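Structure, as structure tokens:
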Amino acid sequence: MATSDLIRRLLDEDGDQDLDGTSSDELAAAVVDHSTEVEGACLFVALAAHPQAEATQNALVAVAQNADVLAMMEIASWLGHGGQIRPSHRTGLGRAFLGRASDRSLDYGTRSQALKAAMIMAQSERSLLRRLQADILDLDLSDDGFYLRHAARVAGAVLAHEPADDLRNKLTELAGVEDAEDEAAVELGLDALRTGLGATTPETALDAFGQARDWFARAEEATEARPDARLYRNCLDVLVAFQEGRTGDDLSDRIDTVTRSAFEYTAFLTVDDREPETSSWLAAKDLERVHWTSLALRLGAVADKFSRSAWLKVAAVMEEELLSVYAASRTMFRRGSDGGLEQVVRPRIVGAMQRELRSLDILEHWIEENAGSAYLPEARSLGDLVDQARADLVTHRPFEAAAGSSPTAAIIEHLPAPVRETVSARIEADAITLYDETVSRTVDEVLRTALAGLAGNIDYKERKEVRSFFDVLVLEVTRFVVSRYNLSKATFPGVSYLFNRDAANPPLEGELQHDFVNFLMGSRLADICRPEARDLGGGRVDVLFSHKWMRTTSELKRSFPKLTLSDLVDRYGPQAISYQGTNIALCMLMVLDLHDRAGAQPDIRDQIGVHHRTVADSSVETAVILFRVQGKRHTPSDVPQAALTS
């Protein structure tokens, strides 16, 4: 068979996959002249998916060894999006990428993309990871500065998952190279930040935060184009001041500085036309952007910005959100043994503090809600215990609770026995939603799809502050819907209404509202939401969210007939839209779906969607994001065969 005909058949998705007896070496020789530009990347993907694995192994390596910058960039991007390479092919192919990366006769673009591809491959191959680390340690500081800049970023990603002093030392050396200085400094700053967030003593935390602040400041000095470094430094200025006890009357100005920097930086993290790479260090860019915005919104909601307690709250919010930002920016998805993207790999940072801070917030809200109850005659003293526990956490002092317990658990023990279970269940439910947010790749996909669907809305597209505000709302409400998808009655009795199958006494809309508002009071949105708000479009809305001049709403409904998401928006959307006529053209609609699907519920990706509608012949189209919560459910073990639809 002629070489050109063989290549054509490989690239033809509907063509004959038979190689007609072409040997592995013959195929490798045939692909050499077709390994560049888009054709080379397409050929790589075709070879990776070809059923005759033994015949294509050498050809894959040949493409990697001959790809130009465009082909290598597309290959690395395909791997970053989850492209699968057979386990038997990975080591040899990874070595080929490392060989291209170390070849100083090539342009820095080809080398940089080859290094990126090698890093992604190394996530699932321990021996390849060791080779990658060795190559990073052997970097020559006289090498091309732009390549070293890229290598510094790869070194930082590896360091986040494989902490080692020799990698830190190499990054310190790279910080002395002019073209790589700011990138290396940012990576060293992130490394020190991780140490500070995971510190177990005040001294260790203060020292690490100080080092991180200095590295971020150095990155700022090296170039003007590092809004991320400026934002991290501004946050650390506040944390260090708090740790050192310098809680003066300038907190309001500090908050303004951080929020301004956060909104500026989110402009660099907006959704683009290409899907994010879930297998590289850019895996969770959307979540990183949303958490920075969440930080800004929560800081802006601190009412008293002059007291010691306000400093404590600000520091707690900063540490919690910095943990989320750091995890989002450093998370990767590791390939399973079958080549699929199964296991989420997160940096080795201490998440216990984040969970405790969230739990203390929920407990504090519960104490405030029940302060007048006969169950809580000592509400004020319980509030003082919460403040002390929060202070211990933020200043990284060892927990005062009994071994194996937590500060929140210790305070709950002070509550009367009849209410302990209720509070514990609420906190446990929040812990589950926090877990869902940080590890579910499917939920990340749902969030990404929703944000992309909002891109055409006039307010979302043209106003950064609107985009930032609404993104945080979408994240938190998505967390609510996901948690209600997963929670059982045994874990959290508050979701029993979702399992009510009594046709004569179905759950009320008010039960969904009570559950949703209860969730919001323990979330990042507690300070910017208000239930049963009046005087909006001439009526009363179920939940109002407001920040600065922006207001949007969430209308809650229940529905019995079998309707599509679009049908639900057509039926209930006009009411939701009517609240927004004098503010942003964005709103939320949540529907308790009581159509009986034999006790089953659709995939979460079928429960959330963005729809665009107009009312009253308006020239402005409003984006309605619909969240459907399935009712009339069985537990999974009781879902019958009748639930099958195909």
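Labels used: A, B, ... for chains in the order of the structure tokens, numbers from 1 for residues in each chain, and numbers from 1 for ligands as shown.
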
### Task
Excluding Gln133 of chain A and any residue of its chain fewer than 6 positions from it, enumerate the residues within 9 Å of it, using only C-alpha atoms, and give them as JSON, numbers by chain.
{"A": [155, 158, 167]}

### Task
Using backbone DSSP assignments, extract all helix (DSSP H, G or I) residues from segment 498-577 of chain A; output them as a PyMOL selection string.
chain A and resi 498-499+509-521+526-528+565-577

### Message
Please determine, counting only C-alpha atoms, which residue among A:Ala41, A:Leu79, A:Val69, A:Ala409 has the shortest atom-to-atom distance to Leu106 of chain A.
### Response
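Looking only at the distances to Leu106 of chain A, the closest residue turns out to be A:Val69.
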
### Query
Which residues, written as an NGL selection string, have at least one atom at most 10 Å from Gly145 of chain A, with only C-alpha atoms counted and residues fewer than 5 positions away on the same chain left out?
:A and (108 or 150-151 or 174 or 177-181)

### Task
Could you give me, as a list in words, the residues within 12 Å of Pro202 of chain A, counting only C-alpha atoms and dropping anything in the same chain fewer than 4 positions from it?
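Here the answer would be Thr195, Gly196, Leu197, Gly198, Leu206, Asp207, Ala208, Phe209, Leu239, Val240, Phe242, Gln243, Glu244, Gly245, Ala391, Asp392, Leu393, Val394, Thr395, His396, Arg397 and Pro398 of chain A.
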
Residues from last step as file, C-alpha atoms, as a short mmCIF file (atom, residue, chain, number, x, y, z; two decimals), in the first residue's frame:
data_model
loop_
_atom_site.label_atom_id
_atom_site.label_comp_id
_atom_site.auth_asym_id
_atom_site.auth_seq_id
_atom_site.Cartn_x
_atom_site.Cartn_y
_atom_site.Cartn_z
CA THR A 195 2.98 25.36 54.03
CA GLY A 196 1.33 28.25 55.86
CA LEU A 197 -2.19 26.99 55.28
CA GLY A 198 -1.21 23.59 56.63
CA LEU A 206 3.57 33.35 60.23
CA ASP A 207 6.98 32.39 58.85
CA ALA A 208 5.49 30.62 55.82
CA PHE A 209 3.01 33.41 55.06
CA LEU A 239 -3.11 37.54 57.13
CA VAL A 240 0.38 38.48 58.31
CA PHE A 242 -3.56 39.57 61.77
CA GLN A 243 -1.06 36.89 62.82
CA GLU A 244 1.27 39.58 64.18
CA GLY A 245 -1.53 41.30 66.08
CA ALA A 391 -9.35 32.32 66.49
CA ASP A 392 -7.40 29.16 67.36
CA LEU A 393 -7.87 27.85 63.83
CA VAL A 394 -6.91 31.04 62.03
CA THR A 395 -3.83 31.58 64.19
CA HIS A 396 -2.91 27.89 63.72
CA ARG A 397 -2.89 27.11 67.41
CA PRO A 398 -3.36 23.42 68.30
#

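Relative to atom CA of Ser261 of chain A, atom CA of Leu190 of chain A is found at 17.3 Å.
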
### Query
Leaving out Thr22 of chain A and any residue of its chain fewer than 3 positions from it, which residues lie within 9 Å of it when counting only C-alpha atoms, given as a list of chain:residue names?
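So, after excluding close chain neighbours, the residues are A:Met1, A:Leu19, A:Asp25, A:Glu26, A:Leu27, A:Ala55.
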
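Atom CA of Leu475 of chain A to atom CA of Leu322 of chain A spans 16.4 Å [interatomic distance, one decimal].
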
### Nearest residue to Gly176 of chain A from the set A:Val38, A:Pro227, A:Asp384, A:Leu148 (distances using only C-alpha atoms)
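So, comparing all the options, the nearest one is A:Leu148.
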
### Message
So that I can see what lies close to segment 89-105 of chain A, please list as an MDAnalysis selection string the residues with an atom at most 10 Å from it, counting only C-alpha atoms and leaving out residues fewer than 6 positions away in the same chain.
### Response
chainID A and resid 48 53:54 56:58 60:67 72 76 111:122 124:129 131:132 135:136 138:139 143:144 147 151 339

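Here atom CA of Leu644 of chain A and atom CA of Asp603 of chain A stand 12.9 Å from one another.
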
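The smallest atom-to-atom distance between Lys170 of chain A and any of A:Glu187, A:Asp527, A:Glu224, A:Asp617, using only C-alpha atoms, is found for A:Glu187.
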
### Message
Using only C-alpha atoms for the distances, tell me which of A:Glu511, A:Pro506, A:Thr478, A:Phe499 is nearest to His634 of chain A.
### Response
A:Phe499

### Query
If you count only C-alpha atoms, which residues fall within 7 Å of Val624 of chain A, apart from same-chain ones fewer than 6 positions away, as an NGL selection string?
:A and (586-589 or 610-612)

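Comparing the minimum interatomic distances between Pro574 of chain A and each of A:Asp182, A:Glu413, A:Glu621, A:Glu532, counting only C-alpha atoms, we find that A:Glu621 sits nearest.
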